[in-house]
file model-v9.cif (mmCIF, C-alpha atoms and all ligand atoms)
data_model
loop_
_atom_site.group_PDB
_atom_site.id
_atom_site.type_symbol
_atom_site.label_atom_id
_atom_site.label_comp_id
_atom_site.auth_asym_id
_atom_site.auth_seq_id
_atom_site.Cartn_x
_atom_site.Cartn_y
_atom_site.Cartn_z
ATOM 1 C CA MET A 1 70.883 99.459 24.194
ATOM 2 C CA LYS A 2 67.295 100.556 24.438
ATOM 3 C CA ASN A 3 64.893 100.277 27.352
ATOM 4 C CA ARG A 4 61.121 100.244 27.239
ATOM 5 C CA ILE A 5 58.485 100.882 29.896
ATOM 6 C CA TYR A 6 54.850 99.966 29.384
ATOM 7 C CA PHE A 7 52.542 101.939 31.641
ATOM 8 C CA PHE A 8 48.856 102.103 32.505
ATOM 9 C CA THR A 9 47.356 105.036 34.370
ATOM 10 C CA GLY A 10 44.053 106.634 35.300
ATOM 11 C CA THR A 11 44.982 109.631 37.427
ATOM 12 C CA GLY A 12 48.689 109.906 36.628
ATOM 13 C CA ASN A 13 50.407 108.335 39.673
ATOM 14 C CA SER A 14 51.777 105.431 37.658
ATOM 15 C CA LEU A 15 52.736 107.571 34.670
ATOM 16 C CA LYS A 16 54.666 109.879 37.023
ATOM 17 C CA VAL A 17 56.618 106.885 38.374
ATOM 18 C CA ALA A 18 57.140 105.519 34.838
ATOM 19 C CA LYS A 19 58.471 108.888 33.675
ATOM 20 C CA ASP A 20 60.818 109.172 36.650
ATOM 21 C CA ILE A 21 62.240 105.702 35.976
ATOM 22 C CA ALA A 22 62.516 106.493 32.242
ATOM 23 C CA LYS A 23 64.525 109.638 32.985
ATOM 24 C CA ALA A 24 67.144 107.545 34.819
ATOM 25 C CA LEU A 25 67.549 105.004 31.998
ATOM 26 C CA PRO A 26 69.358 105.599 28.719
ATOM 27 C CA ASN A 27 67.284 105.596 25.553
ATOM 28 C CA CYS A 28 64.034 104.656 27.282
ATOM 29 C CA GLU A 29 60.703 104.515 25.473
ATOM 30 C CA LEU A 30 57.388 104.975 27.269
ATOM 31 C CA VAL A 31 54.493 103.039 25.805
ATOM 32 C CA ALA A 32 50.921 103.322 27.039
ATOM 33 C CA ILE A 33 48.911 100.191 27.577
ATOM 34 C CA TYR A 34 45.544 101.199 26.160
ATOM 35 C CA LYS A 35 43.002 99.750 23.772
ATOM 36 C CA ASP A 36 45.187 100.050 20.658
ATOM 37 C CA THR A 37 48.653 99.233 22.001
ATOM 38 C CA LEU A 38 50.683 97.250 19.497
ATOM 39 C CA LEU A 39 51.173 93.704 20.772
ATOM 40 C CA GLU A 40 54.537 93.203 19.065
ATOM 41 C CA ILE A 41 57.564 93.780 21.284
ATOM 42 C CA PRO A 42 60.763 94.037 19.271
ATOM 43 C CA SER A 43 63.768 92.169 20.652
ATOM 44 C CA GLY A 44 67.004 93.830 21.737
ATOM 45 C CA TYR A 45 65.803 95.674 24.837
ATOM 46 C CA GLU A 46 68.076 95.762 27.854
ATOM 47 C CA ARG A 47 65.144 96.301 30.187
ATOM 48 C CA ILE A 48 61.382 95.996 29.762
ATOM 49 C CA GLY A 49 59.237 97.371 32.562
ATOM 50 C CA PHE A 50 55.555 97.498 33.437
ATOM 51 C CA VAL A 51 54.245 100.290 35.667
ATOM 52 C CA PHE A 52 50.579 100.299 36.661
ATOM 53 C CA PRO A 53 48.167 100.826 39.573
ATOM 54 C CA ASN A 54 47.247 97.991 41.889
ATOM 55 C CA TYR A 55 43.578 97.080 41.431
ATOM 56 C CA ALA A 56 42.228 94.700 44.081
ATOM 57 C CA GLY A 57 45.598 92.989 44.483
ATOM 58 C CA GLY A 58 46.536 92.643 40.824
ATOM 59 C CA PRO A 59 47.252 94.593 37.643
ATOM 60 C CA PRO A 60 44.451 96.337 35.701
ATOM 61 C CA SER A 61 42.592 93.975 33.398
ATOM 62 C CA MET A 62 44.062 95.689 30.337
ATOM 63 C CA VAL A 63 47.630 95.141 31.614
ATOM 64 C CA ALA A 64 46.935 91.471 32.356
ATOM 65 C CA ASN A 65 45.433 91.011 28.893
ATOM 66 C CA PHE A 66 48.387 92.751 27.267
ATOM 67 C CA VAL A 67 50.779 90.328 28.968
ATOM 68 C CA ARG A 68 48.600 87.387 27.893
ATOM 69 C CA LYS A 69 48.569 88.498 24.253
ATOM 70 C CA MET A 70 51.868 90.300 23.674
ATOM 71 C CA LYS A 71 54.048 88.943 20.886
ATOM 72 C CA PHE A 72 57.772 88.764 21.379
ATOM 73 C CA SER A 73 60.798 86.808 20.255
ATOM 74 C CA ASP A 74 63.794 85.928 22.415
ATOM 75 C CA GLN A 75 63.889 88.042 25.604
ATOM 76 C CA SER A 76 66.315 85.812 27.504
ATOM 77 C CA ASP A 77 68.818 88.659 28.021
ATOM 78 C CA THR A 78 66.168 91.216 28.937
ATOM 79 C CA TYR A 79 65.800 92.421 32.516
ATOM 80 C CA ILE A 80 62.062 92.448 33.258
ATOM 81 C CA PHE A 81 60.641 94.554 36.061
ATOM 82 C CA CYS A 82 57.304 95.809 37.298
ATOM 83 C CA VAL A 83 56.275 98.603 39.633
ATOM 84 C CA ALA A 84 52.760 98.913 41.054
ATOM 85 C CA THR A 85 51.467 102.094 42.636
ATOM 86 C CA TYR A 86 48.896 101.481 45.342
ATOM 87 C CA ALA A 87 46.953 103.232 48.074
ATOM 88 C CA GLY A 88 47.766 101.200 51.177
ATOM 89 C CA ASN A 89 46.772 97.593 50.616
ATOM 90 C CA ASN A 90 48.907 96.044 47.926
ATOM 91 C CA GLY A 91 47.770 92.422 48.124
ATOM 92 C CA ALA A 92 49.696 90.051 45.894
ATOM 93 C CA VAL A 93 50.073 92.429 42.960
ATOM 94 C CA ILE A 94 53.710 91.565 42.221
ATOM 95 C CA SER A 95 53.086 87.818 42.443
ATOM 96 C CA GLN A 96 50.067 88.213 40.135
ATOM 97 C CA MET A 97 52.281 89.915 37.577
ATOM 98 C CA GLY A 98 55.064 87.364 38.054
ATOM 99 C CA ASN A 99 52.549 84.591 37.488
ATOM 100 C CA LEU A 100 51.164 86.177 34.311
ATOM 101 C CA LEU A 101 54.671 86.605 32.898
ATOM 102 C CA GLN A 102 55.678 83.095 33.896
ATOM 103 C CA LYS A 103 52.746 81.725 31.899
ATOM 104 C CA ARG A 104 54.346 83.426 28.875
ATOM 105 C CA GLY A 105 57.719 81.877 29.688
ATOM 106 C CA LEU A 106 59.175 85.116 31.072
ATOM 107 C CA GLN A 107 60.866 85.622 34.432
ATOM 108 C CA LEU A 108 60.004 88.753 36.430
ATOM 109 C CA ASN A 109 63.399 89.849 37.761
ATOM 110 C CA TYR A 110 62.260 92.682 40.027
ATOM 111 C CA GLY A 111 58.960 93.958 41.409
ATOM 112 C CA ALA A 112 58.237 96.905 43.693
ATOM 113 C CA LYS A 113 55.187 98.614 45.156
ATOM 114 C CA ILE A 114 55.041 102.370 45.692
ATOM 115 C CA ILE A 115 52.409 103.820 47.968
ATOM 116 C CA SER A 116 50.650 106.721 46.301
ATOM 117 C CA TYR A 117 47.467 108.739 46.382
ATOM 118 C CA PRO A 118 44.249 106.675 46.731
ATOM 119 C CA ASN A 119 42.255 107.496 43.596
ATOM 120 C CA ALA A 120 39.194 105.208 43.780
ATOM 121 C CA LEU A 121 36.679 108.054 43.989
ATOM 122 C CA THR A 122 33.653 105.813 43.550
ATOM 123 C CA ALA A 123 34.658 103.864 46.682
ATOM 124 C CA TYR A 124 35.787 106.581 49.111
ATOM 125 C CA PRO A 125 36.335 110.371 49.452
ATOM 126 C CA MET A 126 39.683 111.793 48.362
ATOM 127 C CA PRO A 127 41.989 112.451 51.347
ATOM 128 C CA ILE A 128 43.122 116.039 51.814
ATOM 129 C CA GLU A 129 46.826 115.339 52.412
ATOM 130 C CA VAL A 130 47.733 115.351 48.705
ATOM 131 C CA ASN A 131 51.192 116.896 49.079
ATOM 132 C CA ASP A 132 52.225 114.659 51.994
ATOM 133 C CA ILE A 133 51.178 111.505 50.170
ATOM 134 C CA LEU A 134 52.872 112.516 46.933
ATOM 135 C CA LYS A 135 56.063 113.483 48.764
ATOM 136 C CA LYS A 136 56.104 110.005 50.299
ATOM 137 C CA ALA A 137 55.601 108.477 46.849
ATOM 138 C CA GLU A 138 58.533 110.484 45.490
ATOM 139 C CA ILE A 139 60.803 109.415 48.367
ATOM 140 C CA ASN A 140 59.814 105.770 47.881
ATOM 141 C CA THR A 141 60.404 105.951 44.129
ATOM 142 C CA LYS A 142 64.114 106.810 44.479
ATOM 143 C CA PRO A 143 65.405 103.430 45.752
ATOM 144 C CA VAL A 144 63.208 101.659 43.211
ATOM 145 C CA ILE A 145 64.854 103.629 40.412
ATOM 146 C CA ASP A 146 68.306 102.780 41.810
ATOM 147 C CA SER A 147 67.436 99.072 41.871
ATOM 148 C CA ILE A 148 66.175 99.121 38.286
ATOM 149 C CA VAL A 149 69.219 101.050 37.056
ATOM 150 C CA ALA A 150 71.448 98.467 38.811
ATOM 151 C CA LYS A 151 69.326 95.611 37.406
ATOM 152 C CA GLN A 152 68.844 94.196 40.869
ATOM 153 C CA HIS A 153 67.177 90.782 40.995
ATOM 154 C CA ILE A 154 64.754 89.978 43.813
ATOM 155 C CA PRO A 155 62.835 86.764 44.439
ATOM 156 C CA ILE A 156 59.130 87.000 43.517
ATOM 157 C CA SER A 157 56.829 84.974 45.791
ATOM 158 C CA ASN A 158 54.650 82.329 44.250
ATOM 159 C CA LEU A 159 51.016 83.230 43.747
ATOM 160 C CA GLU A 160 48.739 81.398 46.198
ATOM 161 C CA GLU A 161 45.165 80.468 45.247
ATOM 162 C CA SER A 162 43.857 82.565 48.170
ATOM 163 C CA ASP A 163 45.615 85.659 46.744
ATOM 164 C CA LYS A 164 43.502 85.471 43.633
ATOM 165 C CA GLU A 165 39.973 85.513 45.070
ATOM 166 C CA LYS A 166 39.444 89.258 45.537
ATOM 167 C CA TYR A 167 41.223 90.059 42.284
ATOM 168 C CA ASP A 168 39.278 87.523 40.227
ATOM 169 C CA LYS A 169 35.963 88.879 41.586
ATOM 170 C CA PHE A 170 37.009 92.412 40.649
ATOM 171 C CA ILE A 171 38.046 91.389 37.117
ATOM 172 C CA ALA A 172 34.755 89.546 36.571
ATOM 173 C CA LEU A 173 32.724 92.706 37.218
ATOM 174 C CA ILE A 174 34.949 95.330 35.704
ATOM 175 C CA GLN A 175 33.581 95.955 32.218
ATOM 176 C CA ASN A 176 30.223 97.165 33.488
ATOM 177 C CA SER A 177 31.688 99.259 36.275
ATOM 178 C CA ASN A 178 30.654 102.394 34.371
ATOM 179 C CA SER A 179 26.984 101.445 34.594
ATOM 180 C CA GLY A 180 26.437 103.670 37.637
ATOM 181 C CA TYR A 181 27.997 106.694 35.889
ATOM 182 C CA ASP A 182 25.793 109.646 35.086
ATOM 183 C CA VAL A 183 26.598 112.931 33.323
ATOM 184 C CA ASN A 184 24.859 116.099 34.511
ATOM 185 C CA ASP A 185 24.055 119.378 32.754
ATOM 186 C CA ASP A 186 27.345 120.984 33.795
ATOM 187 C CA CYS A 187 29.041 119.066 30.972
ATOM 188 C CA ILE A 188 30.622 121.453 28.439
ATOM 189 C CA SER A 189 31.317 118.787 25.797
ATOM 190 C CA CYS A 190 35.089 119.312 26.084
ATOM 191 C CA GLY A 191 35.885 115.648 25.304
ATOM 192 C CA ILE A 192 38.506 115.286 28.048
ATOM 193 C CA CYS A 193 36.777 112.216 29.515
ATOM 194 C CA ARG A 194 36.845 110.549 26.086
ATOM 195 C CA ASP A 195 40.490 111.458 25.491
ATOM 196 C CA VAL A 196 41.844 110.139 28.808
ATOM 197 C CA CYS A 197 39.985 106.826 28.640
ATOM 198 C CA PRO A 198 42.511 104.025 28.008
ATOM 199 C CA ALA A 199 39.705 101.667 27.014
ATOM 200 C CA LYS A 200 38.237 104.081 24.434
ATOM 201 C CA ASN A 201 34.999 103.346 26.243
ATOM 202 C CA ILE A 202 33.523 106.834 25.783
ATOM 203 C CA THR A 203 32.112 108.554 22.708
ATOM 204 C CA LEU A 204 30.456 111.980 22.604
ATOM 205 C CA GLU A 205 26.960 111.815 21.224
ATOM 206 C CA ASP A 206 25.145 115.152 20.819
ATOM 207 C CA GLY A 207 28.053 116.559 22.820
ATOM 208 C CA LYS A 208 27.508 114.297 25.806
ATOM 209 C CA PRO A 209 29.623 111.306 26.846
ATOM 210 C CA VAL A 210 28.159 107.854 26.315
ATOM 211 C CA PHE A 211 29.766 104.847 28.045
ATOM 212 C CA HIS A 212 30.049 101.566 26.156
ATOM 213 C CA HIS A 213 30.579 99.032 28.944
ATOM 214 C CA GLN A 214 34.210 98.227 28.182
ATOM 215 C CA CYS A 215 35.344 99.987 31.349
ATOM 216 C CA GLU A 216 38.659 99.415 33.152
ATOM 217 C CA CYS A 217 37.458 101.241 36.285
ATOM 218 C CA CYS A 218 40.519 103.518 36.108
ATOM 219 C CA MET A 219 38.706 106.683 37.328
ATOM 220 C CA ALA A 220 40.285 108.848 34.612
ATOM 221 C CA CYS A 221 37.007 110.204 33.196
ATOM 222 C CA ILE A 222 35.376 111.025 36.507
ATOM 223 C CA GLN A 223 38.579 112.478 38.002
ATOM 224 C CA HIS A 224 39.765 114.575 35.034
ATOM 225 C CA CYS A 225 36.383 116.124 34.130
ATOM 226 C CA PRO A 226 36.915 119.889 34.649
ATOM 227 C CA LYS A 227 33.250 120.416 35.529
ATOM 228 C CA ARG A 228 32.838 117.433 37.862
ATOM 229 C CA ALA A 229 29.955 116.574 35.575
ATOM 230 C CA ILE A 230 30.427 112.795 35.835
ATOM 231 C CA ASN A 231 29.169 111.143 38.990
ATOM 232 C CA TYR A 232 28.775 107.615 40.231
ATOM 233 C CA GLU A 233 25.268 106.877 41.550
ATOM 234 C CA ASN A 234 24.720 109.351 44.404
ATOM 235 C CA LYS A 235 28.161 108.792 45.928
ATOM 236 C CA THR A 236 30.569 111.267 44.348
ATOM 237 C CA GLN A 237 28.693 114.580 44.067
ATOM 238 C CA ASP A 238 30.332 116.026 47.204
ATOM 239 C CA ARG A 239 33.719 114.334 46.834
ATOM 240 C CA GLU A 240 36.820 116.261 45.770
ATOM 241 C CA ARG A 241 38.539 115.225 42.536
ATOM 242 C CA TYR A 242 42.184 114.193 42.259
ATOM 243 C CA THR A 243 44.716 113.956 39.446
ATOM 244 C CA HIS A 244 48.496 113.900 39.870
ATOM 245 C CA PRO A 245 49.655 117.559 39.752
ATOM 246 C CA ASP A 246 52.509 116.795 37.296
ATOM 247 C CA ILE A 247 50.392 114.677 34.952
ATOM 248 C CA GLY A 248 47.490 116.553 33.387
ATOM 249 C CA HIS A 249 44.928 115.144 31.001
ATOM 250 C CA LYS A 250 46.907 116.310 27.943
ATOM 251 C CA VAL A 251 50.011 114.426 29.089
ATOM 252 C CA ILE A 252 47.989 111.218 29.382
ATOM 253 C CA SER A 253 45.892 111.538 26.252
ATOM 254 C CA GLN A 254 48.885 112.238 23.974
ATOM 255 C CA TYR A 255 49.943 108.616 24.516
ATOM 256 C CA TYR A 256 46.602 107.409 23.166
ATOM 257 C CA MET A 257 46.770 109.372 19.910
ATOM 258 C CA HIS A 258 48.506 108.135 16.773
ATOM 259 C CA GLN A 259 51.720 107.323 18.572
ATOM 260 C CA ASP A 260 52.538 104.271 20.636
ATOM 261 C CA VAL A 261 56.119 105.058 21.554
ATOM 262 C CA LYS A 262 57.668 108.138 23.091
ATOM 263 C CA SER A 263 61.292 108.478 24.084
ATOM 264 C CA ASN A 264 61.993 109.773 27.541
ATOM 265 C CA ASP A 265 60.748 113.318 27.192
ATOM 266 C CA ASN A 266 59.991 115.445 30.221
ATOM 267 C CA SER A 267 56.515 116.556 29.233
HETATM 268 C C1 LIG A 301 39.452 100.100 40.669
HETATM 269 C C2 LIG A 301 40.532 100.420 41.656
HETATM 270 C C3 LIG A 301 40.934 99.459 42.566
HETATM 271 C C4 LIG A 301 41.953 99.761 43.475
HETATM 272 N N1 LIG A 301 42.328 98.797 44.352
HETATM 273 C C5 LIG A 301 43.295 99.065 45.237
HETATM 274 C C6 LIG A 301 43.686 98.072 46.202
HETATM 275 O O1 LIG A 301 43.179 96.949 46.230
HETATM 276 N N2 LIG A 301 44.668 98.402 47.089
HETATM 277 C C7 LIG A 301 45.270 99.634 47.069
HETATM 278 O O2 LIG A 301 46.163 99.860 47.890
HETATM 279 N N3 LIG A 301 44.932 100.592 46.171
HETATM 280 C C8 LIG A 301 43.953 100.347 45.254
HETATM 281 N N4 LIG A 301 43.582 101.310 44.360
HETATM 282 C C9 LIG A 301 44.275 102.627 44.348
HETATM 283 C C10 LIG A 301 45.278 102.765 43.216
HETATM 284 O O3 LIG A 301 46.072 101.595 43.092
HETATM 285 C C11 LIG A 301 46.223 103.973 43.435
HETATM 286 O O4 LIG A 301 45.543 105.129 43.757
HETATM 287 C C12 LIG A 301 47.097 104.181 42.188
HETATM 288 O O5 LIG A 301 48.227 104.947 42.541
HETATM 289 C C13 LIG A 301 46.385 104.897 41.050
HETATM 290 O O6 LIG A 301 47.285 104.998 39.970
HETATM 291 P P1 LIG A 301 47.054 105.918 38.701
HETATM 292 O O7 LIG A 301 47.008 107.344 39.169
HETATM 293 O O8 LIG A 301 48.242 105.674 37.846
HETATM 294 O O9 LIG A 301 45.786 105.532 38.045
HETATM 295 C C14 LIG A 301 42.573 101.046 43.456
HETATM 296 C C15 LIG A 301 42.145 102.004 42.544
HETATM 297 C C16 LIG A 301 41.130 101.693 41.648
HETATM 298 C C17 LIG A 301 40.694 102.750 40.673
HETATM 299 S S1 LIG A 302 35.127 115.814 30.610
HETATM 300 FE FE1 LIG A 302 33.280 116.451 31.678
HETATM 301 S S2 LIG A 302 32.706 118.377 30.689
HETATM 302 FE FE2 LIG A 302 34.152 117.350 29.319
HETATM 303 S S3 LIG A 302 32.852 116.129 27.912
HETATM 304 FE FE3 LIG A 302 33.401 114.779 29.611
HETATM 305 S S4 LIG A 302 31.700 114.995 31.054
HETATM 306 FE FE4 LIG A 302 31.563 116.723 29.642
HETATM 307 S S1 LIG A 303 35.073 104.857 31.173
HETATM 308 FE FE1 LIG A 303 36.162 106.112 32.680
HETATM 309 S S2 LIG A 303 36.657 104.707 34.363
HETATM 310 FE FE2 LIG A 303 36.097 103.441 32.566
HETATM 311 S S3 LIG A 303 38.049 103.001 31.555
HETATM 312 FE FE3 LIG A 303 37.237 104.842 30.593
HETATM 313 S S4 LIG A 303 38.154 106.551 31.708
HETATM 314 FE FE4 LIG A 303 38.446 104.685 32.943
#
call {"tool": "encode", "arguments": {"input": "model-v9.cif", "output": "structure tokens"}}
result
Amino acid sequence: MKNRIYFFTGTGNSLKVAKDIAKALPNCELVAIYKDTLLEIPSGYERIGFVFPNYAGGPPSMVANFVRKMKFSDQSDTYIFCVATYAGNNGAVISQMGNLLQKRGLQLNYGAKIISYPNALTAYPMPIEVNDILKKAEINTKPVIDSIVAKQHIPISNLEESDKEKYDKFIALIQNSNSGYDVNDDCISCGICRDVCPAKNITLEDGKPVFHHQCECCMACIQHCPKRAINYENKTQDRERYTHPDIGHKVISQYYMHQDVKSNDNS
């Protein structure tokens, strides 16, 4: 039987986890959640997973909207799991996802959170302990993979109203979160920012990126720019950039071009 993992990523932490889980499952497809993801989910999957970063105690807006709109037939025999990467404060991310799935008549069977590198560059400087943090993420991923392989069921707590406040505020403001972005003269018109944007929110006009206010706040453009030419207000000029060392911009952007499904390759 086949397995499928839907993933969302900005800086690669979640794609790394999704790839590691996919490697441990037979016949596992990796599908990016991005602007043009097909909503139809064929039946007959043994497992369907969602792997994404925690944003303000919930899934990215695009992941939540995918779950709201996805089209599927009978999934009663499918084991459904989610894994959220996060930086240290996970909130009610698993309950949020469980709640979204429940509204579609689906039961989340397993949810896990994996601490990873904090990537919100517009909010804080990037910590220097990259290797230590990523080692910890790798160690914490192993038991999660074992649980998913074994199709372990865990109870998912109910979502409380108070859990939703911070997340709902974040979601309400998200689309315009690129409005403080500015591109300086170091830009070499390479197009990487456009290619890694899951929202297809960036076009190059006269060689320079233009943002169209459909932002997911994923940090991919600002973090992957090889010239550090994108900055947020006056906050990020002196901050280091971070992307997961195993997941470069080409690895991410290939999932947004022409192809929605990839079997578990090691690229
Ligand atoms: C907009 C935004 C909001 C975030 N909110 C939280 C948060 O509330 N708690 C937390 O622990 N980490 C938070 N993070 C950090 C990410 O969840 C974490 O770095 C994640 O591993 C990034 O995954 P990615 O590399 O796949 O994009 C946030 C990051 C962004 C960009
Ligand atoms: S990634 Fe950076 S250098 Fe490349 S087009 Fe975008 S802003 Fe310019
Ligand atoms: S514009 Fe930048 S931060 Fe916004 S969704 Fe696209 S890549 Fe992510």
call {"tool": "closest_atom_pairs", "arguments": {"input": "model-v9.cif", "of": "chain A", "to": "ligand LIG 302 (chain A)", "cutoff": "6 Å", "atoms": "only C-alpha atoms and all ligand atoms", "output": "Markdown table"}}
result
| residue | atom | partner | partner_atom | distance |
| --- | --- | --- | --- | --- |
| A:Val183 | CA | A:LIG302 | S4 | 6.0 |
| A:Cys187 | CA | A:LIG302 | FE4 | 3.7 |
| A:Ile188 | CA | A:LIG302 | S2 | 4.3 |
| A:Ser189 | CA | A:LIG302 | S3 | 3.7 |
| A:Cys190 | CA | A:LIG302 | FE2 | 3.9 |
| A:Gly191 | CA | A:LIG302 | S3 | 4.0 |
| A:Ile192 | CA | A:LIG302 | S1 | 4.3 |
| A:Cys193 | CA | A:LIG302 | S1 | 4.1 |
| A:Pro209 | CA | A:LIG302 | FE3 | 5.8 |
| A:Cys225 | CA | A:LIG302 | S1 | 3.8 |
| A:Pro226 | CA | A:LIG302 | FE1 | 5.8 |
| A:Lys227 | CA | A:LIG302 | S2 | 5.3 |
| A:Ala229 | CA | A:LIG302 | S4 | 5.1 |
| A:Ile230 | CA | A:LIG302 | S4 | 5.4 |
call {"tool": "resolve_selection", "arguments": {"input": "model-v9.cif", "expression": "the PyMOL selection byres (((chain A and resi 239) around 10) and not hetatm)", "output": "ChimeraX atom specification"}}
result
/A:121-122,124-127,228,231,235-238,240-242
call {"tool": "resolve_selection", "arguments": {"input": "model-v9.cif", "expression": "the PyMOL selection byres (((chain A and resi 79-95) around 9) and not hetatm)", "output": "MDAnalysis selection string"}}
result
chainID A and resid 13:14 17:18 45:59 75:78 96:100 106:119 137 144 148 151 153 156:160 163:164
call {"tool": "atom_distance", "arguments": {"input": "model-v9.cif", "atom1": "atom CA of Tyr181 of chain A", "atom2": "atom CA of Ala220 of chain A"}}
result
12.5 Å
call {"tool": "resolve_selection", "arguments": {"input": "model-v9.cif", "expression": "the PyMOL selection byres (((not hetatm)) within 12 of (chain A and resi 303))", "output": "PyMOL selection string"}}
result
chain A and resi 8-11+33-35+60-62+119-122+174-183+191-203+209-225+230-232+249+252-253
call {"tool": "closest_residue", "arguments": {"input": "model-v9.cif", "among": "A:Asn234, A:Ile41, A:Lys135, A:Gln254", "to": "Lys69 of chain A", "atoms": "only C-alpha atoms"}}
result
A:Ile41
call {"tool": "atom_distance", "arguments": {"input": "model-v9.cif", "atom1": "atom CA of Ile133 of chain A", "atom2": "atom O2 of ligand LIG 301 (chain A)"}}
result
12.9 Å
call {"tool": "closest_residue", "arguments": {"input": "model-v9.cif", "among": "A:Glu161, A:Asp146, A:Asp132, A:Asp246", "to": "ligand LIG 301 (chain A)", "atoms": "only C-alpha atoms and all ligand atoms"}}
result
A:Asp246
call {"tool": "atom_distance", "arguments": {"input": "model-v9.cif", "atom1": "atom N4 of ligand LIG 301 (chain A)", "atom2": "atom CA of Val130 of chain A"}}
result
15.3 Å
call {"tool": "closest_residue", "arguments": {"input": "model-v9.cif", "among": "A:Ala24, A:Ile247, A:Val67, A:Leu15", "to": "ligand LIG 301 (chain A)", "atoms": "only C-alpha atoms and all ligand atoms"}}
result
A:Leu15
call {"tool": "axis_aligned_box", "arguments": {"input": "model-v9.cif", "around": "segment 93-103 of chain A", "padding_each_side": "6 Å", "output": "lines of an AutoDock Vina configuration file"}}
result
center_x = 52.9
center_y = 87.1
center_z = 37.4
size_x = 17.6
size_y = 22.7
size_z = 23.1
call {"tool": "closest_residue", "arguments": {"input": "model-v9.cif", "among": "A:Asn65, A:Asn140, A:Ala123, A:Val251", "to": "ligand LIG 301 (chain A)", "atoms": "only C-alpha atoms and all ligand atoms"}}
result
A:Ala123
call {"tool": "closest_residue", "arguments": {"input": "model-v9.cif", "among": "A:Ala150, A:Met70, A:Met257, A:Ile5", "to": "Lys23 of chain A", "atoms": "only C-alpha atoms"}}
result
A:Ile5
call {"tool": "closest_residue", "arguments": {"input": "model-v9.cif", "among": "A:Ala32, A:Ile139, A:Leu38, A:Leu101", "to": "ligand LIG 301 (chain A)", "atoms": "only C-alpha atoms and all ligand atoms"}}
result
A:Ala32
